[in-house]
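data04.txt follows (compact mmCIF, C-alpha atoms and all ligand atoms):
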# COMPACT_ATOMS: atom_id res chain seq x y z
CA MET A 1 24.29 -109.96 -23.68
CA SER A 2 27.30 -109.34 -21.51
CA LYS A 3 28.67 -111.73 -18.94
CA LEU A 4 30.48 -111.24 -15.66
CA ALA A 5 34.21 -111.03 -16.24
CA LEU A 6 37.33 -109.94 -14.43
CA ALA A 7 40.98 -109.87 -15.50
CA ILE A 8 43.99 -108.79 -13.46
CA HIS A 9 47.71 -108.30 -13.95
CA GLY A 10 50.66 -108.09 -11.60
CA GLY A 11 53.12 -106.58 -14.05
CA ALA A 12 54.97 -107.62 -17.18
CA GLY A 13 58.69 -108.07 -17.73
CA THR A 14 61.57 -110.50 -17.97
CA ILE A 15 59.81 -113.29 -16.15
CA LEU A 16 61.59 -116.50 -17.13
CA ARG A 17 60.43 -119.98 -16.27
CA SER A 18 64.07 -121.03 -16.04
CA GLN A 19 64.65 -118.62 -13.15
CA MET A 20 61.50 -119.32 -11.17
CA THR A 21 61.44 -121.73 -8.24
CA PRO A 22 58.35 -123.83 -7.52
CA ASP A 23 57.93 -122.02 -4.18
CA LYS A 24 58.02 -118.57 -5.73
CA GLU A 25 55.67 -119.57 -8.48
CA ALA A 26 53.22 -120.94 -5.94
CA ILE A 27 53.31 -117.63 -4.03
CA TYR A 28 52.55 -115.64 -7.17
CA ARG A 29 49.79 -117.97 -8.30
CA LYS A 30 48.16 -117.82 -4.89
CA ALA A 31 48.36 -114.00 -4.80
CA LEU A 32 46.83 -113.78 -8.28
CA GLU A 33 44.12 -116.27 -7.36
CA ASP A 34 43.26 -114.36 -4.16
CA ALA A 35 42.98 -111.05 -6.01
CA LEU A 36 40.95 -112.62 -8.81
CA GLU A 37 38.50 -114.17 -6.37
CA ALA A 38 38.27 -110.98 -4.28
CA GLY A 39 37.21 -109.06 -7.38
CA TYR A 40 35.00 -111.75 -8.86
CA LYS A 41 33.12 -112.17 -5.57
CA VAL A 42 31.96 -108.56 -5.88
CA LEU A 43 30.67 -109.23 -9.41
CA HIS A 44 29.07 -112.51 -8.39
CA GLU A 45 27.15 -110.80 -5.60
CA GLY A 46 25.76 -108.27 -8.07
CA GLY A 47 28.26 -105.53 -7.24
CA ALA A 48 29.57 -102.87 -9.61
CA ALA A 49 32.52 -103.39 -11.95
CA LEU A 50 34.16 -100.41 -10.28
CA ASP A 51 33.99 -102.02 -6.84
CA ALA A 52 35.27 -105.30 -8.27
CA VAL A 53 38.41 -103.75 -9.79
CA VAL A 54 39.07 -101.85 -6.57
CA ALA A 55 38.74 -105.05 -4.50
CA ALA A 56 41.14 -106.90 -6.79
CA VAL A 57 43.71 -104.09 -6.79
CA VAL A 58 43.56 -103.66 -3.00
CA SER A 59 44.37 -107.36 -2.68
CA LEU A 60 47.38 -106.95 -5.00
CA GLU A 61 48.50 -103.75 -3.24
CA ASP A 62 48.52 -105.61 0.07
CA CYS A 63 50.80 -108.32 -1.33
CA GLU A 64 54.50 -107.51 -0.91
CA TRP A 65 55.46 -109.35 -4.11
CA PHE A 66 53.93 -106.82 -6.47
CA ASN A 67 55.18 -103.30 -7.17
CA ALA A 68 52.21 -101.41 -5.73
CA GLY A 69 51.11 -100.50 -2.22
CA LYS A 70 53.09 -102.55 0.30
CA GLY A 71 55.55 -103.95 -2.25
CA SER A 72 56.35 -100.62 -3.91
CA VAL A 73 59.93 -100.07 -5.08
CA PHE A 74 62.33 -97.54 -3.54
CA THR A 75 62.90 -94.09 -5.02
CA HIS A 76 66.41 -92.59 -5.28
CA GLN A 77 65.86 -90.94 -1.88
CA GLY A 78 64.82 -94.24 -0.32
CA HIS A 79 61.10 -93.54 -0.15
CA HIS A 80 58.14 -95.13 -1.88
CA GLU A 81 56.15 -92.89 -4.24
CA MET A 82 53.01 -94.46 -5.55
CA ASP A 83 50.64 -93.76 -8.44
CA ALA A 84 47.16 -95.14 -9.11
CA SER A 85 44.06 -94.49 -11.18
CA LEU A 86 40.63 -95.89 -11.91
CA MET A 87 37.85 -95.20 -14.38
CA ASP A 88 34.16 -96.01 -14.53
CA GLY A 89 33.12 -97.01 -18.06
CA GLN A 90 29.46 -96.23 -17.48
CA THR A 91 29.81 -92.60 -16.47
CA GLY A 92 33.30 -91.69 -17.64
CA ARG A 93 34.15 -90.61 -14.12
CA ALA A 94 37.74 -91.14 -13.07
CA GLY A 95 40.07 -90.63 -10.12
CA ALA A 96 43.84 -90.70 -9.93
CA VAL A 97 46.74 -90.02 -7.62
CA ALA A 98 50.45 -89.54 -8.31
CA GLY A 99 53.59 -89.47 -6.20
CA VAL A 100 51.99 -90.18 -2.82
CA ARG A 101 53.83 -91.67 0.14
CA LEU A 102 52.71 -93.74 3.11
CA ILE A 103 49.20 -94.34 1.77
CA LYS A 104 48.31 -97.98 2.42
CA ASN A 105 46.07 -98.37 -0.63
CA PRO A 106 46.59 -95.70 -3.30
CA ILE A 107 43.70 -97.12 -5.36
CA LEU A 108 41.30 -96.27 -2.49
CA LEU A 109 42.63 -92.73 -2.53
CA ALA A 110 42.05 -92.53 -6.30
CA GLN A 111 38.49 -93.72 -5.71
CA SER A 112 38.00 -91.18 -2.94
CA ILE A 113 39.26 -88.38 -5.22
CA MET A 114 36.76 -89.50 -7.84
CA ASP A 115 33.91 -89.65 -5.34
CA HIS A 116 34.63 -86.65 -3.11
CA SER A 117 36.40 -84.00 -5.15
CA GLU A 118 35.76 -82.01 -8.28
CA HIS A 119 39.15 -83.16 -9.62
CA ILE A 120 40.50 -86.24 -11.32
CA LEU A 121 44.22 -86.25 -10.52
CA LEU A 122 45.85 -85.09 -7.28
CA SER A 123 49.55 -85.41 -6.47
CA GLY A 124 52.15 -85.42 -3.69
CA GLU A 125 51.62 -83.52 -0.46
CA GLY A 126 48.24 -82.18 -1.54
CA ALA A 127 46.93 -85.64 -2.32
CA MET A 128 48.19 -86.83 1.08
CA ALA A 129 46.39 -83.95 2.82
CA PHE A 130 43.23 -84.94 0.94
CA ALA A 131 43.75 -88.54 2.10
CA GLN A 132 44.05 -87.39 5.69
CA GLU A 133 40.89 -85.31 5.47
CA HIS A 134 38.99 -88.23 4.02
CA GLY A 135 40.16 -90.83 6.52
CA LEU A 136 42.33 -92.97 4.24
CA ALA A 137 44.67 -95.42 6.01
CA PHE A 138 48.33 -94.42 6.35
CA GLU A 139 51.28 -96.68 7.19
CA ASP A 140 54.79 -95.82 8.31
CA ASP A 141 57.91 -96.38 6.19
CA ALA A 142 58.55 -99.74 7.87
CA TYR A 143 55.34 -101.14 6.36
CA PHE A 144 56.68 -100.54 2.86
CA TYR A 145 60.14 -101.96 3.60
CA THR A 146 60.84 -105.30 1.98
CA THR A 147 64.27 -106.89 1.75
CA HIS A 148 64.04 -107.73 -1.94
CA ARG A 149 63.08 -104.15 -2.82
CA TYR A 150 65.87 -102.78 -0.66
CA LYS A 151 68.45 -104.98 -2.40
CA GLN A 152 67.04 -103.99 -5.77
CA TRP A 153 67.38 -100.32 -4.87
CA GLN A 154 70.93 -100.68 -3.50
CA LYS A 155 71.98 -102.30 -6.74
CA ALA A 156 70.35 -99.58 -8.82
CA LEU A 157 72.02 -96.91 -6.66
CA LEU A 158 75.43 -98.50 -7.15
CA GLU A 159 74.92 -98.69 -10.89
CA ASP A 160 73.35 -95.25 -10.94
CA ARG A 161 70.44 -96.61 -12.93
CA THR A 162 66.72 -96.07 -12.87
CA LEU A 163 65.15 -99.47 -13.25
CA LEU A 164 61.86 -100.53 -14.64
CA ASP A 165 60.87 -103.99 -13.61
CA HIS A 166 61.27 -104.69 -17.27
CA ASP A 167 64.82 -103.80 -18.16
CA ASP A 168 67.02 -105.19 -15.42
CA ARG A 169 67.87 -108.43 -17.15
CA GLU A 170 71.56 -107.93 -17.91
CA THR A 171 72.66 -107.01 -14.45
CA ASP A 172 70.26 -108.86 -12.30
CA ASN A 173 70.36 -112.54 -11.64
CA ASP A 174 68.58 -112.72 -8.34
CA LEU A 175 65.00 -113.80 -8.84
CA ASP A 176 63.84 -111.74 -5.90
CA GLU A 177 65.15 -108.56 -7.44
CA LYS A 178 63.35 -108.72 -10.74
CA LYS A 179 60.01 -108.48 -12.36
CA PHE A 180 57.65 -107.31 -9.70
CA GLY A 181 55.12 -105.26 -11.50
CA THR A 182 52.50 -102.69 -11.41
CA VAL A 183 49.08 -104.17 -10.77
CA GLY A 184 45.74 -103.67 -12.47
CA ALA A 185 42.24 -105.00 -12.97
CA VAL A 186 39.38 -104.69 -15.46
CA ALA A 187 35.80 -105.91 -15.04
CA CYS A 188 32.36 -106.24 -16.59
CA ASP A 189 29.45 -106.44 -14.13
CA VAL A 190 25.93 -107.86 -14.25
CA HIS A 191 24.63 -104.64 -15.87
CA GLY A 192 27.30 -104.74 -18.55
CA HIS A 193 29.15 -101.79 -17.01
CA LEU A 194 32.92 -101.74 -17.36
CA ALA A 195 35.70 -100.41 -15.12
CA ALA A 196 39.50 -100.39 -14.98
CA ALA A 197 42.06 -99.72 -12.24
CA THR A 198 45.87 -99.58 -12.09
CA SER A 199 48.34 -99.06 -9.22
CA THR A 200 52.13 -98.90 -9.07
CA GLY A 201 55.27 -97.95 -7.18
CA GLY A 202 56.79 -96.94 -10.53
CA MET A 203 60.50 -97.35 -11.23
CA THR A 204 63.23 -98.38 -8.80
CA ASN A 205 65.61 -95.53 -7.95
CA LYS A 206 63.40 -92.98 -9.72
CA LYS A 207 64.30 -89.29 -9.23
CA TYR A 208 62.69 -85.90 -9.70
CA ASN A 209 59.20 -87.14 -8.79
CA ARG A 210 59.09 -89.17 -11.97
CA ILE A 211 55.56 -90.27 -12.85
CA GLY A 212 54.68 -92.96 -15.39
CA ASP A 213 51.56 -93.93 -17.27
CA SER A 214 49.72 -95.65 -14.43
CA PRO A 215 47.95 -92.59 -12.96
CA LEU A 216 47.22 -91.07 -16.38
CA ILE A 217 43.73 -91.69 -17.73
CA GLY A 218 44.04 -92.72 -21.37
CA CYS A 219 47.65 -93.87 -20.96
CA GLY A 220 47.72 -96.54 -18.24
CA THR A 221 43.99 -96.87 -17.57
CA TYR A 222 40.82 -96.34 -19.58
CA ALA A 223 37.20 -97.54 -19.51
CA ASN A 224 34.21 -96.84 -21.71
CA ASN A 225 31.05 -98.98 -21.75
CA ARG A 226 30.83 -98.66 -25.54
CA THR A 227 34.11 -100.46 -26.12
CA CYS A 228 36.39 -101.73 -23.38
CA ALA A 229 38.15 -101.29 -20.05
CA VAL A 230 41.94 -101.67 -20.08
CA SER A 231 44.86 -101.53 -17.65
CA CYS A 232 48.49 -101.31 -18.77
CA THR A 233 51.86 -102.35 -17.40
CA GLY A 234 55.26 -101.71 -18.88
CA HIS A 235 57.65 -98.94 -19.76
CA GLY A 236 55.52 -95.97 -18.69
CA GLU A 237 57.17 -93.34 -20.85
CA LYS A 238 56.38 -95.40 -23.97
CA PHE A 239 52.81 -96.02 -22.89
CA ILE A 240 52.38 -92.27 -22.41
CA GLN A 241 53.83 -91.58 -25.87
CA ALA A 242 51.48 -94.15 -27.37
CA VAL A 243 48.45 -92.97 -25.32
CA ALA A 244 48.11 -96.72 -25.14
CA ALA A 245 44.92 -97.29 -23.16
CA TYR A 246 42.87 -94.76 -25.13
CA ASP A 247 44.25 -96.09 -28.39
CA VAL A 248 42.76 -99.52 -27.66
CA HIS A 249 39.38 -97.82 -27.18
CA CYS A 250 39.82 -95.79 -30.40
CA LEU A 251 40.67 -98.82 -32.50
CA MET A 252 37.51 -100.50 -31.27
CA GLU A 253 35.25 -97.45 -31.57
CA TYR A 254 36.45 -95.97 -34.85
CA LYS A 255 37.64 -99.07 -36.67
CA GLY A 256 35.22 -101.58 -35.20
CA LEU A 257 38.02 -103.94 -34.18
CA SER A 258 37.59 -106.64 -31.55
CA LEU A 259 39.30 -106.18 -28.18
CA GLN A 260 41.79 -108.91 -29.03
CA GLU A 261 42.73 -107.32 -32.33
CA ALA A 262 42.95 -103.80 -30.87
CA LEU A 263 45.22 -105.04 -28.08
CA ARG A 264 47.37 -106.92 -30.56
CA ILE A 265 47.90 -103.81 -32.68
CA VAL A 266 48.73 -101.56 -29.71
CA VAL A 267 50.97 -104.02 -27.85
CA ASN A 268 52.60 -105.98 -30.65
CA GLU A 269 52.80 -103.32 -33.35
CA LYS A 270 52.56 -99.73 -32.08
CA LEU A 271 54.39 -100.18 -28.76
CA LEU A 272 56.98 -102.52 -30.22
CA ARG A 273 57.74 -99.97 -32.93
CA ILE A 274 58.83 -97.51 -30.24
CA ARG A 275 60.47 -100.25 -28.14
CA GLY A 276 57.75 -100.05 -25.54
CA GLU A 277 57.89 -103.25 -23.54
CA GLY A 278 54.90 -104.39 -21.52
CA GLY A 279 51.35 -105.62 -21.70
CA ILE A 280 47.68 -104.68 -21.46
CA ILE A 281 44.67 -106.51 -20.06
CA GLY A 282 41.16 -105.71 -21.21
CA VAL A 283 37.50 -106.62 -21.12
CA ASP A 284 34.95 -105.71 -23.79
CA ALA A 285 31.29 -104.75 -23.49
CA CYS A 286 30.23 -108.41 -23.88
CA GLY A 287 32.44 -109.54 -21.02
CA ASN A 288 35.20 -111.08 -23.14
CA THR A 289 38.64 -110.69 -21.61
CA ALA A 290 42.05 -110.53 -23.28
CA MET A 291 45.59 -110.27 -21.88
CA ILE A 292 48.41 -109.43 -24.30
CA PHE A 293 52.09 -108.64 -23.70
CA ASN A 294 55.27 -108.30 -25.73
CA SER A 295 57.67 -109.10 -22.86
CA GLU A 296 58.87 -112.48 -21.61
CA GLY A 297 56.00 -112.80 -19.23
CA MET A 298 53.16 -111.08 -17.42
CA TYR A 299 51.59 -112.07 -14.11
CA ARG A 300 47.95 -112.36 -15.08
CA ALA A 301 44.64 -114.04 -14.37
CA ARG A 302 41.09 -113.92 -15.61
CA LYS A 303 37.70 -115.35 -14.85
CA GLU A 304 34.52 -115.16 -16.91
CA ALA A 305 31.02 -116.43 -16.14
CA GLY A 306 30.56 -119.73 -17.92
CA GLY A 307 33.74 -121.36 -16.72
CA VAL A 308 36.74 -119.60 -18.22
CA LYS A 309 39.43 -119.28 -15.56
CA GLU A 310 43.13 -118.83 -16.15
CA ILE A 311 46.12 -117.96 -14.00
CA ALA A 312 49.35 -117.57 -15.97
CA ILE A 313 52.82 -116.08 -15.81
CA TYR A 314 54.89 -116.98 -18.87
CA LYS A 315 54.38 -116.61 -22.59
N1 LIG A 401 54.04 -98.61 -16.05
C1 LIG A 401 54.68 -98.43 -14.78
C2 LIG A 401 55.43 -97.12 -14.77
O1 LIG A 401 56.04 -96.79 -15.76
C3 LIG A 401 55.64 -99.51 -14.44
C4 LIG A 401 55.16 -100.93 -14.59
O2 LIG A 401 54.15 -101.19 -15.24
O3 LIG A 401 55.80 -101.83 -14.02
O4 LIG A 401 55.44 -96.46 -13.76

What do you get writing this file as structure tokens?
Amino acid sequence: MSKLALAIHGGAGTILRSQMTPDKEAIYRKALEDALEAGYKVLHEGGAALDAVVAAVVSLEDCEWFNAGKGSVFTHQGHHEMDASLMDGQTGRAGAVAGVRLIKNPILLAQSIMDHSEHILLSGEGAMAFAQEHGLAFEDDAYFYTTHRYKQWQKALLEDRTLLDHDDRETDNDLDEKKFGTVGAVACDVHGHLAAATSTGGMTNKKYNRIGDSPLIGCGTYANNRTCAVSCTGHGEKFIQAVAAYDVHCLMEYKGLSLQEALRIVVNEKLLRIRGEGGIIGVDACGNTAMIFNSEGMYRARKEAGGVKEIAIYK
């Protein structure tokens, strides 16, 4: 028997208790709680896992404190290029979008691509034309402007660095400029169907239309009713090399490992071996959730039927 379950993340990185203020922490906890409840409400009302993960991710994309949607980081050219993907564990259907600008909720575009096209992954201008044709909401550049992101970008420009939210520790001592992560959600619904979704602004000061793991099915996102649904956050290049999300599924399917054990091996052994910093959240076919990371912290929350509820930031 499976149970209703939802887990979310708001990115992993150098999130230190010593550098957090009570006010900031309260803002993050509230944002995580809102997203968790938005997703869980869908499950509670008998909705599909897929709709639950989309609801949770939309809530996180609309929050300026996470690196997705409204809070997306600046590219080298001073734009915001966003990536997102989602996968339905029941059918294996998936949708994804890479390098889009001005789209209010990239996860809704990924869902629309899944539902209304014969493709899985669309990118750039073409994806934006698709969004226009399908009535997705656009915003202007001002919507995506946030002071903390702008400062973060200016600093990266000066240092000529491309920053992950995860590797800016040595040069960055302003809390506002750090550790705002990619967002994601995984869910198990009343029918035992699983789904996963991930959305990101990628890396600060990124060039050349760089794309990470988040829009890649099997790397940043994966769902299969037989095993698990997972969403990743961290150093995208390493997660691509590790085919991280699909590897969690493989360890469960071929080796019969539990979700917890599969996540531990991928995050704390395989990714660490290639210096891949980050974390993964997952839910298994019984509705058990797990959230594992090898960085200092990961914004995360989970709720399972039967009373389990957790909102956490640090190790
Ligand atoms: N994985 C994302 C990327 O590489 C970044 C993150 O998770 O913060 O684009």

Which one is closest to A:Ser295: A:Thr14, A:Thr146, A:Ser2, A:Gln154? Count only C-alpha atoms.
-> A:Thr14

Expected selection as a count of residues only for ligand LIG 401 (chain A) within 6 Å, all atoms listed in the file = 13

Can you work out which one of A:Val308, A:Val267, A:Ala31, A:Ala52 has the shortest atom-to-atom distance to A:Ile292, counting only C-alpha atoms?
-> A:Val267

Could you give me, as a list in words, the residues within 8 Å of stretch 38-43 of chain A, counting only C-alpha atoms and dropping anything in the same chain fewer than 2 positions from it?
->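 Counting only the stated atoms, we get Leu4, Ala5, Leu6, Asp34, Ala35, Leu36, Glu45, Gly46, Gly47, Ala48, Ala49, Asp51, Ala52, Val53, Val54, Ala55, Ala56, Ser59, Cys188, Asp189, Val190 and Lys303 of chain A.
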
Polymer residues at most 12 Å from (50.3, -85.4, -20.8) by all atoms listed in the file, as a PyMOL selection string = chain A and resi 121+211-213+215-220+236-237+239-243

Pick from A:Ile8, A:Ala96, A:Met87, A:Ile313 nearest to A:Ala223, counting all atoms listed in the file =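 Distance minimum relative to A:Ala223 lands on A:Met87.
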
From A:Leu257, A:Leu251, A:Leu122, A:Ala244, residue lying nearest A:Ile281 [all atoms listed in the file] |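 Nearest to A:Ile281: A:Ala244.
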
Separation of atom CA of A:Gly126 from atom CA of A:Met114, in Å and rounded to one decimal |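 Between these atoms lies a distance of 15.0 Å.
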
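Closest approach to A:Gly99 among A:Lys207, A:Arg264, A:His249, A:Lys30 is made by A:Lys207 (distances from all atoms listed in the file).
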
From the list A:Ile274, A:His119, A:Gly184, A:Ala110, which residue is nearest A:Ala301 when using only C-alpha atoms?
->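 Using only C-alpha atoms, the shortest distance to A:Ala301 belongs to A:Gly184.
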
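Put simply, atom CA of A:Leu194 is 8.6 Å away from atom CA of A:Gly287.
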
Give me the residues within 6 Å of A:Gln90 as a list in words, counting only C-alpha atoms and dropping any in the same chain fewer than 2 places off.
->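 Residues near the query, excluding close chain neighbours: Asp88, Gly92, His193 and Asn225 of chain A.
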
Using all atoms listed in the file, what table do you get, as CSV, when you list each residue of stretch 146-255 of chain A with an atom no more than 6 Å from stretch 63-86 of chain A, its nearest pair of atoms, and their distance in Å rounded to one decimal, rows by chain then rising number?
residue,atom,partner,partner_atom,distance
A:Arg149,CA,A:Val73,CA,5.6
A:Trp153,CA,A:Phe74,CA,5.9
A:Phe180,CA,A:Phe66,CA,5.0
A:Gly181,CA,A:Asn67,CA,4.8
A:Thr182,CA,A:Asn67,CA,5.1
A:Ala196,CA,A:Leu86,CA,5.6
A:Ala197,CA,A:Leu86,CA,4.1
A:Thr198,CA,A:Ser85,CA,5.5
A:Ser199,CA,A:Ala84,CA,4.1
A:Thr200,CA,A:Ala68,CA,4.2
A:Gly201,CA,A:Ser72,CA,4.4
A:Thr204,CA,A:Val73,CA,5.3
A:Asn205,CA,A:His76,CA,4.1
A:Lys206,CA,A:Thr75,CA,4.9
A:Lys207,CA,A:His76,CA,5.6
A:Ser214,CA,A:Ala84,CA,5.9
A:Pro215,CA,A:Ser85,CA,4.7

Based on the selection just made, write C-alpha atoms of those residues as an mmCIF file, in the coordinates of the input.
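File produced: out_24.cif:
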data_model
loop_
_atom_site.group_PDB
_atom_site.id
_atom_site.type_symbol
_atom_site.label_atom_id
_atom_site.label_comp_id
_atom_site.auth_asym_id
_atom_site.auth_seq_id
_atom_site.Cartn_x
_atom_site.Cartn_y
_atom_site.Cartn_z
ATOM 1 C CA ARG A 149 63.080 -104.150 -2.820
ATOM 2 C CA TRP A 153 67.380 -100.320 -4.870
ATOM 3 C CA PHE A 180 57.650 -107.310 -9.700
ATOM 4 C CA GLY A 181 55.120 -105.260 -11.500
ATOM 5 C CA THR A 182 52.500 -102.690 -11.410
ATOM 6 C CA ALA A 196 39.500 -100.390 -14.980
ATOM 7 C CA ALA A 197 42.060 -99.720 -12.240
ATOM 8 C CA THR A 198 45.870 -99.580 -12.090
ATOM 9 C CA SER A 199 48.340 -99.060 -9.220
ATOM 10 C CA THR A 200 52.130 -98.900 -9.070
ATOM 11 C CA GLY A 201 55.270 -97.950 -7.180
ATOM 12 C CA THR A 204 63.230 -98.380 -8.800
ATOM 13 C CA ASN A 205 65.610 -95.530 -7.950
ATOM 14 C CA LYS A 206 63.400 -92.980 -9.720
ATOM 15 C CA LYS A 207 64.300 -89.290 -9.230
ATOM 16 C CA SER A 214 49.720 -95.650 -14.430
ATOM 17 C CA PRO A 215 47.950 -92.590 -12.960
#

Using 8 Å of padding on each side, determine the axis-aligned box around all atoms of stretch 188-193 of chain A present in the file and give its centre and edge lengths in Å to one decimal, as lines of an AutoDock Vina configuration file.
center_x = 28.5
center_y = -104.8
center_z = -16.3
size_x = 23.7
size_y = 22.1
size_z = 20.4

How far is it from atom CA of A:Gly279 to atom CA of A:Leu259, in Å with one decimal?
-> 13.7 Å

Close residues, A:Leu263 itself excluded, 12 Å, all atoms listed in the file, min 6 positions apart in chain, as a PyMOL selection string = chain A and resi 228-232+244-252+257+269-271+278-284+289-294
